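Enquirer: This is the content of final.txt (compact mmCIF, C-alpha atoms and all ligand atoms):
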# COMPACT_ATOMS: atom_id res chain seq x y z
CA MET C 1 -58.83 -210.34 -13.20
CA LYS C 2 -57.19 -212.31 -10.41
CA LEU C 3 -53.74 -213.83 -10.30
CA ASN C 4 -53.96 -217.45 -11.37
CA VAL C 5 -51.58 -219.30 -9.04
CA ASP C 6 -51.33 -222.50 -11.13
CA ARG C 7 -50.58 -220.59 -14.30
CA PHE C 8 -48.00 -218.52 -12.39
CA GLN C 9 -46.20 -221.61 -11.12
CA GLU C 10 -46.24 -223.34 -14.51
CA SER C 11 -44.76 -220.38 -16.34
CA LEU C 12 -42.16 -219.10 -13.84
CA ARG C 13 -38.65 -219.39 -15.35
CA THR C 14 -36.40 -218.25 -12.54
CA LYS C 15 -33.60 -219.93 -10.62
CA ARG C 16 -34.52 -218.60 -7.17
CA PHE C 17 -36.99 -215.72 -7.24
CA GLY C 18 -40.55 -216.78 -6.52
CA LYS C 19 -39.76 -220.46 -6.03
CA LYS C 20 -41.19 -219.88 -2.58
CA THR C 21 -44.16 -217.55 -2.94
CA VAL C 22 -46.78 -216.71 -0.35
CA PHE C 23 -50.08 -215.75 -2.04
CA LEU C 24 -52.56 -213.72 -0.03
CA ARG C 25 -55.93 -212.21 -0.72
CA GLU C 26 -55.24 -209.37 1.71
CA VAL C 27 -52.35 -208.26 3.89
CA ASP C 28 -51.41 -205.07 5.70
CA SER C 29 -48.20 -204.65 3.68
CA THR C 30 -46.31 -207.29 1.67
CA ASN C 31 -43.06 -205.58 2.75
CA ASP C 32 -43.89 -206.09 6.42
CA LEU C 33 -44.70 -209.76 6.00
CA ALA C 34 -41.60 -210.32 3.82
CA LYS C 35 -39.44 -208.71 6.52
CA GLU C 36 -40.99 -210.96 9.13
CA LEU C 37 -40.40 -214.08 7.02
CA ALA C 38 -36.82 -212.99 6.34
CA ALA C 39 -36.19 -212.46 10.05
CA ASN C 40 -37.39 -216.03 10.56
CA GLY C 41 -34.98 -217.49 8.02
CA ALA C 42 -36.77 -217.22 4.65
CA VAL C 43 -34.33 -217.86 1.80
CA GLU C 44 -33.28 -215.28 -0.79
CA GLY C 45 -35.89 -214.95 -3.49
CA THR C 46 -38.86 -215.64 -1.21
CA VAL C 47 -41.82 -213.59 -2.42
CA VAL C 48 -45.01 -212.32 -0.79
CA VAL C 49 -47.81 -211.23 -3.13
CA ALA C 50 -51.27 -209.95 -2.26
CA GLU C 51 -54.40 -208.93 -4.12
CA THR C 52 -54.83 -205.89 -1.88
CA GLN C 53 -53.02 -204.23 1.00
CA THR C 54 -54.78 -202.54 3.88
CA ALA C 55 -51.70 -200.58 4.95
CA GLY C 56 -49.54 -200.41 1.81
CA ARG C 57 -46.57 -198.14 2.37
CA GLY C 58 -44.72 -195.81 0.06
CA ARG C 59 -41.47 -193.92 0.45
CA LEU C 60 -41.02 -191.16 2.99
CA GLY C 61 -43.83 -192.49 5.20
CA ARG C 62 -46.50 -192.14 2.55
CA GLU C 63 -49.46 -194.43 1.98
CA TRP C 64 -49.60 -196.70 -1.08
CA ILE C 65 -53.23 -197.13 -2.09
CA SER C 66 -53.63 -200.76 -3.15
CA PRO C 67 -57.00 -201.49 -4.79
CA LYS C 68 -57.85 -204.92 -6.21
CA GLY C 69 -56.53 -205.35 -9.72
CA GLY C 70 -53.05 -204.07 -8.88
CA LEU C 71 -49.95 -206.19 -8.38
CA TYR C 72 -48.32 -205.85 -4.95
CA PHE C 73 -45.36 -207.98 -4.05
CA SER C 74 -42.13 -208.04 -2.08
CA VAL C 75 -38.95 -210.04 -2.61
CA VAL C 76 -36.51 -211.04 0.13
CA LEU C 77 -32.86 -210.46 -0.79
CA LYS C 78 -29.67 -211.23 1.09
CA PRO C 79 -26.99 -209.58 -1.01
CA ASP C 80 -23.39 -209.97 0.04
CA VAL C 81 -22.64 -206.24 -0.35
CA ARG C 82 -22.11 -203.27 1.97
CA ALA C 83 -25.09 -201.10 2.94
CA GLY C 84 -23.84 -198.28 0.70
CA GLU C 85 -24.16 -200.61 -2.30
CA ALA C 86 -27.48 -202.16 -1.26
CA VAL C 87 -29.22 -198.77 -1.43
CA LYS C 88 -28.70 -199.00 -5.21
CA LEU C 89 -31.10 -201.96 -5.43
CA VAL C 90 -33.90 -199.50 -6.05
CA PHE C 91 -32.29 -198.84 -9.46
CA VAL C 92 -32.06 -202.58 -10.09
CA ALA C 93 -35.79 -202.89 -9.42
CA SER C 94 -36.93 -199.86 -11.40
CA LEU C 95 -34.80 -200.90 -14.39
CA ALA C 96 -36.33 -204.39 -14.29
CA VAL C 97 -39.87 -202.97 -14.18
CA ALA C 98 -39.19 -200.48 -16.99
CA LYS C 99 -37.78 -203.20 -19.22
CA VAL C 100 -40.74 -205.52 -18.61
CA LEU C 101 -43.36 -202.85 -19.27
CA ARG C 102 -41.63 -201.97 -22.51
CA GLU C 103 -41.07 -205.57 -23.60
CA LEU C 104 -44.53 -206.93 -22.72
CA TYR C 105 -46.70 -203.98 -23.69
CA GLY C 106 -44.54 -201.74 -25.87
CA LEU C 107 -45.12 -198.82 -23.50
CA ARG C 108 -42.85 -195.77 -23.57
CA VAL C 109 -41.74 -196.03 -19.99
CA GLU C 110 -39.46 -193.74 -18.06
CA THR C 111 -37.65 -194.07 -14.78
CA LYS C 112 -37.66 -191.14 -12.40
CA TRP C 113 -35.06 -190.76 -9.68
CA PRO C 114 -34.91 -192.54 -7.43
CA ASN C 115 -37.64 -195.15 -7.60
CA ASP C 116 -40.60 -194.44 -9.85
CA VAL C 117 -41.64 -195.84 -13.19
CA LEU C 118 -43.77 -193.53 -15.31
CA VAL C 119 -45.74 -193.68 -18.51
CA ASP C 120 -46.37 -190.35 -20.18
CA GLY C 121 -45.23 -188.53 -17.04
CA ARG C 122 -47.62 -190.41 -14.75
CA LYS C 123 -46.64 -192.96 -12.16
CA VAL C 124 -47.54 -196.57 -12.97
CA CYS C 125 -45.27 -198.29 -10.45
CA GLY C 126 -43.61 -197.47 -7.13
CA ILE C 127 -40.79 -199.29 -5.38
CA LEU C 128 -39.95 -199.37 -1.71
CA THR C 129 -36.70 -201.02 -0.63
CA GLU C 130 -36.11 -201.56 3.05
CA MET C 131 -33.00 -202.91 4.74
CA ASN C 132 -31.95 -204.44 7.97
CA THR C 133 -28.28 -203.73 8.63
CA THR C 134 -25.68 -204.09 11.34
CA GLY C 135 -23.31 -201.20 10.72
CA GLU C 136 -22.31 -201.53 7.05
CA THR C 137 -23.28 -205.23 6.97
CA VAL C 138 -26.53 -205.96 5.21
CA ASN C 139 -28.64 -208.67 6.79
CA ILE C 140 -31.79 -208.44 4.73
CA VAL C 141 -33.20 -206.27 1.96
CA VAL C 142 -36.86 -206.34 1.02
CA VAL C 143 -37.78 -204.93 -2.37
CA GLY C 144 -41.48 -204.05 -2.57
CA ILE C 145 -43.07 -203.33 -5.92
CA GLY C 146 -46.55 -201.98 -6.57
CA VAL C 147 -47.87 -201.85 -10.13
CA ASN C 148 -51.11 -200.08 -11.00
CA ALA C 149 -52.39 -202.76 -13.35
CA ASN C 150 -56.05 -203.66 -13.82
CA PHE C 151 -58.01 -200.69 -12.55
CA ASP C 152 -59.00 -197.24 -13.68
CA VAL C 153 -57.23 -194.55 -11.65
CA GLU C 154 -60.20 -192.22 -12.23
CA GLU C 155 -62.43 -194.66 -10.36
CA VAL C 156 -60.23 -195.65 -7.46
CA PHE C 157 -57.76 -192.91 -6.61
CA PRO C 158 -58.51 -189.72 -4.70
CA GLU C 159 -58.50 -186.43 -6.60
CA PRO C 160 -54.87 -185.28 -6.23
CA LEU C 161 -53.52 -188.66 -7.33
CA LYS C 162 -55.69 -188.94 -10.42
CA LYS C 163 -53.50 -186.45 -12.26
CA LEU C 164 -50.22 -187.94 -11.11
CA ALA C 165 -50.93 -191.65 -11.57
CA THR C 166 -51.86 -194.00 -14.36
CA SER C 167 -52.44 -197.74 -14.70
CA LEU C 168 -51.69 -200.35 -17.34
CA GLU C 169 -55.43 -200.57 -17.96
CA ASN C 170 -55.60 -196.82 -18.56
CA GLU C 171 -52.62 -196.91 -20.94
CA LEU C 172 -53.57 -200.04 -22.88
CA ASN C 173 -57.38 -199.81 -22.73
CA ARG C 174 -57.54 -203.43 -21.66
CA LYS C 175 -56.76 -205.65 -18.73
CA VAL C 176 -53.44 -207.49 -18.56
CA ARG C 177 -52.75 -211.07 -17.43
CA LEU C 178 -51.37 -210.60 -13.93
CA GLU C 179 -49.48 -213.90 -13.86
CA GLU C 180 -47.70 -213.03 -17.11
CA LEU C 181 -46.70 -209.64 -15.69
CA PHE C 182 -45.67 -211.13 -12.36
CA THR C 183 -43.50 -213.92 -13.79
CA ALA C 184 -41.86 -211.51 -16.23
CA LEU C 185 -41.07 -209.10 -13.38
CA LEU C 186 -39.54 -211.82 -11.22
CA GLU C 187 -37.44 -213.10 -14.12
CA ARG C 188 -36.13 -209.66 -15.02
CA LEU C 189 -35.56 -208.74 -11.43
CA GLU C 190 -33.50 -211.88 -10.84
CA ASN C 191 -31.60 -211.27 -14.01
CA VAL C 192 -30.74 -207.59 -13.33
CA TYR C 193 -30.01 -208.38 -9.66
CA ASP C 194 -27.58 -211.15 -10.62
CA GLN C 195 -25.85 -208.76 -13.01
CA PHE C 196 -25.59 -206.15 -10.24
CA ILE C 197 -24.02 -208.72 -7.86
CA ARG C 198 -21.63 -210.00 -10.56
CA GLU C 199 -20.61 -206.78 -12.30
CA GLY C 200 -21.48 -204.01 -9.85
CA PHE C 201 -23.64 -200.93 -10.30
CA GLY C 202 -21.98 -199.55 -13.47
CA PRO C 203 -23.83 -201.55 -16.16
CA VAL C 204 -27.17 -201.27 -14.33
CA LEU C 205 -26.82 -197.51 -13.99
CA LYS C 206 -25.83 -197.15 -17.64
CA GLU C 207 -29.00 -198.90 -18.77
CA TRP C 208 -31.17 -197.18 -16.16
CA ARG C 209 -30.04 -193.79 -17.49
CA MET C 210 -31.42 -194.70 -20.92
CA TYR C 211 -34.91 -194.71 -19.40
CA ALA C 212 -34.36 -191.61 -17.28
CA GLY C 213 -36.42 -189.05 -19.16
CA PHE C 214 -35.90 -186.35 -16.51
CA LEU C 215 -32.16 -186.08 -17.17
CA GLY C 216 -31.31 -182.88 -18.97
CA ARG C 217 -34.63 -181.34 -17.87
CA ARG C 218 -35.40 -178.55 -15.44
CA VAL C 219 -36.73 -180.13 -12.27
CA GLU C 220 -37.92 -179.33 -8.79
CA VAL C 221 -36.48 -181.50 -6.04
CA THR C 222 -38.21 -181.60 -2.67
CA SER C 223 -36.83 -183.19 0.43
CA GLN C 224 -38.01 -183.03 4.02
CA THR C 225 -35.88 -179.94 4.56
CA GLU C 226 -35.65 -178.06 1.27
CA ARG C 227 -37.03 -177.38 -2.17
CA LEU C 228 -34.54 -176.87 -4.99
CA HIS C 229 -34.82 -175.93 -8.63
CA GLY C 230 -32.28 -176.74 -11.28
CA LEU C 231 -31.15 -178.80 -14.21
CA ALA C 232 -31.00 -182.58 -13.62
CA LEU C 233 -27.50 -183.36 -14.86
CA ASN C 234 -26.91 -186.98 -13.94
CA VAL C 235 -27.34 -189.83 -11.50
CA ASP C 236 -23.87 -190.79 -10.33
CA GLN C 237 -22.12 -193.99 -9.21
CA ASP C 238 -23.42 -193.51 -5.66
CA GLY C 239 -27.02 -193.22 -6.89
CA ALA C 240 -27.04 -189.49 -6.08
CA LEU C 241 -28.81 -186.98 -8.30
CA THR C 242 -26.54 -184.19 -9.49
CA LEU C 243 -28.44 -180.96 -9.89
CA LYS C 244 -27.15 -177.74 -11.44
CA LEU C 245 -28.73 -174.96 -9.40
CA GLU C 246 -29.82 -171.63 -10.84
CA ASP C 247 -26.67 -169.94 -9.47
CA GLY C 248 -24.52 -172.45 -11.38
CA THR C 249 -23.37 -174.56 -8.44
CA VAL C 250 -23.76 -178.32 -8.65
CA LYS C 251 -25.31 -180.17 -5.73
CA ARG C 252 -25.48 -183.92 -5.08
CA ILE C 253 -28.78 -185.07 -3.61
CA PHE C 254 -29.29 -188.43 -1.92
CA VAL C 255 -32.91 -188.28 -0.77
CA GLY C 256 -35.83 -186.44 -2.30
CA ASP C 257 -38.59 -186.33 -4.87
CA VAL C 258 -38.23 -185.03 -8.39
CA SER C 259 -40.89 -183.39 -10.48
CA VAL C 260 -40.21 -182.19 -13.98
CA ARG C 261 -41.00 -178.51 -14.48
CA THR C 262 -43.03 -177.59 -17.48
CA ARG C 263 -42.31 -173.86 -17.24
C1 LIG F 1 -43.47 -195.31 -3.54
O1 LIG F 1 -43.66 -195.01 -4.71
O2 LIG F 1 -43.46 -194.46 -2.65
C2 LIG F 1 -43.21 -196.76 -3.22
C3 LIG F 1 -44.45 -197.59 -3.28
C4 LIG F 1 -44.19 -199.06 -3.00
C5 LIG F 1 -45.44 -199.88 -2.94
C6 LIG F 1 -45.18 -201.35 -2.80
S1 LIG F 1 -46.63 -202.32 -2.99
C7 LIG F 1 -45.81 -203.74 -2.42
C8 LIG F 1 -44.93 -203.29 -1.27
N1 LIG F 1 -45.65 -203.28 -0.03
C9 LIG F 1 -45.78 -202.04 0.50
O3 LIG F 1 -46.36 -201.76 1.56
N2 LIG F 1 -45.19 -201.15 -0.32
C10 LIG F 1 -44.58 -201.81 -1.47
Produce structure tokens that represent the structure in this file.
Ligand code: BTN

Expert:
Amino acid sequence: MKLNVDRFQESLRTKRFGKKTVFLREVDSTNDLAKELAANGAVEGTVVVAETQTAGRGRLGREWISPKGGLYFSVVLKPDVRAGEAVKLVFVASLAVAKVLRELYGLRVETKWPNDVLVDGRKVCGILTEMNTTGETVNIVVVGIGVNANFDVEEVFPEPLKKLATSLENELNRKVRLEELFTALLERLENVYDQFIREGFGPVLKEWRMYAGFLGRRVEVTSQTERLHGLALNVDQDGALTLKLEDGTVKRIFVGDVSVRTR
């Protein structure tokens, strides 16, 4: 099921997000094109969306496999905040996605620090935010969102990912209308983003925590340099994960991957 551009434009109810949208059948990475457009003066809210990506990128240099049927898009933002605040936009985006998946499809969604959205412990959406800064001044932020929508992960993903990922089609046993999903995501994203700019991170974080199923659980956190085990206590005002280690000390972690331990 392809994205119907006319139906998208008719139903979009945003003030800025998506008013300028570049639709592509294929692109290397929507984030890369959005960054290029932003560098050439694209206004805040400009969106790039593609049916597939040939070089979709994930966090920490990973690949984001982007088969047809998924939703891959990037939004250009120019927030008037310091770089230390802009890093929190990943929470803005994952909260918006979690709310939409719950509201539209009634799914029991969870957020996982820092940037994943899961259903039943499996990843259904990933978010990659990238910034261009001069010192603490933010010039451009690009928020890239990839949703596994209308495909079967068993058919399209390689073996190790099959167990870790899911799709809306796998969860709902049907295909979804991509334009409905896309407009809802842009509306929510604009709405949560505007709240973040107006009221700061506090209210966003408070709501994000309500989806954060890993809090209070024993987790493993891996970063490029270490692997830690402990109890996930909280995500704090700086967006850091606070982890209670097995020796009782509490450590704040800014970059890493969390997996919930079942044993
Ligand atoms: C992750 O989970 O590691 C983040 C994945 C982000 C994927 C999206 S798809 C749209 C945008 N373009 C990219 O190349 N990546 C993001």

Enquirer: Taking all atoms listed in the file into account, which residues are within 8 Å of ligand LIG 1 (chain F), as number ranges by chain?

Expert: C: 28-32, 49, 53, 55-60, 62-64, 66, 71-74, 115-116, 125-129, 143-147

Enquirer: To one decimal place, how far is atom CA of C:Gly200 from atom CA of C:Val109 in Å?

Expert: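 Atom CA of C:Val109 lies at a distance of 24.0 Å from atom CA of C:Gly200.
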
Enquirer: Please, what distance in Å, to one decimal, runs between atom CA of C:Leu107 and atom CA of C:Leu172?

Expert: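 Atom CA of C:Leu107 sits 8.6 Å away from atom CA of C:Leu172.
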
Enquirer: State, in Å with one decimal place, the distance from atom CA of C:Lys251 to atom CA of C:Leu164.

Expert: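 Value for the atom CA of C:Lys251-atom CA of C:Leu164 distance: 26.6 Å.
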
Enquirer: With all atoms listed in the file as the counted atoms, please give the residues lying no more than 12 Å from C:Asp257, apart from itself and same-chain residues fewer than 6 positions off, as a list in words.

Expert: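 Selected residues are Arg59, Leu60, Lys112, Trp113, Pro114, Asn115, Asp116, Phe214, Val219, Glu220, Val221, Thr222, Ser223, Gln224, Thr225, Glu226, Arg227, Leu228, His229 and Leu241 of chain C.
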
Enquirer: Show which residues sit within 9 Å of C:Asn150, as a list in words. Count only C-alpha atoms, and ignore same-chain residues fewer than 4 positions away.

Expert: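 Skipping anything fewer than 4 positions along the chain leaves Met1, Lys68, Gly69, Gly70, Leu71, Ser167, Leu168, Glu169, Asn170, Arg174, Lys175, Val176, Arg177 and Leu178 of chain C.
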
Enquirer: Which residues come within 6 Å of C:Ala165, counting all atoms listed in the file, excluding same-chain residues fewer than 2 positions away, as JSON, numbers by chain?

Expert: {"C": [122, 123, 161, 162, 163]}

Enquirer: Specify the axis-aligned box that encloses all atoms of stretch 243-257 of chain C listed in the file after padding of 8 Å on each side, stating its centre and edge lengths in Å to one decimal as AutoDock Vina command-line options.

Expert:
--center_x -31.0 --center_y -179.2 --center_z -6.1 --size_x 31.2 --size_y 34.5 --size_z 26.7

Enquirer: My list of candidates is C:Val138, C:Val27, C:Ala149, C:Gly61. Which is closest to C:Glu180 when distances are computed with all atoms listed in the file?

Expert: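 When distances to C:Glu180 are compared using all atoms listed in the file, the smallest one comes from C:Ala149.
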
Enquirer: Using only C-alpha atoms, can you tell me which of C:Ala86, C:Ile65, C:Val97, C:Val92 comes closest to C:Gln195?

Expert: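 Result for the nearest residue to C:Gln195: C:Val92.
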
Enquirer: For a quick check of understanding, using only C-alpha atoms, which of C:Val76, C:Val260, C:Ile140, C:Val119 has the smallest distance to C:Gly106?

Expert: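 Between C:Val76, C:Val260, C:Ile140, C:Val119, the residue approaching C:Gly106 most closely is C:Val119.
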
Enquirer: Go through C:Leu101, C:Gly230, C:Gln237, C:Leu95 and flag the residue nearest C:Phe182, using all atoms listed in the file for the distances.

Expert: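 Residue with the minimum atom-to-atom distance to C:Phe182: C:Leu101.
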
Enquirer: Nearest to C:Glu36: which of C:Val117, C:Val124, C:Leu24, C:Val141 is it, counting all atoms listed in the file?

Expert: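 Using all atoms listed in the file, C:Glu36 sits closest to C:Val141.
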
Enquirer: How would you write as a PyMOL selection string the residues that get within 6 Å of (-53.7, -195.7, -9.1) in the file's frame, counting only C-alpha atoms?

Expert: chain C and resi 148+153+157+165-166

Enquirer: For C:Leu104, which of C:Leu89, C:Glu51, C:Glu171, C:Ala184 is the closest residue, counting only C-alpha atoms?

Expert: C:Ala184

Enquirer: Counting all atoms listed in the file, I want the residues whose atoms come within 6 Å of (-51.9, -212.8, -11.5) in the file frame, returned as a list of chain:residue names.

Expert: C:Lys2, C:Leu3, C:Asn4, C:Leu178, C:Glu179

Enquirer: Could you write out that same residue set with C-alpha atoms as a compact mmCIF listing (two decimals), in the frame of the given file?

Expert:
# COMPACT_ATOMS: atom_id res chain seq x y z
CA LYS C 2 -57.19 -212.31 -10.41
CA LEU C 3 -53.74 -213.83 -10.30
CA ASN C 4 -53.96 -217.45 -11.37
CA LEU C 178 -51.37 -210.60 -13.93
CA GLU C 179 -49.48 -213.90 -13.86
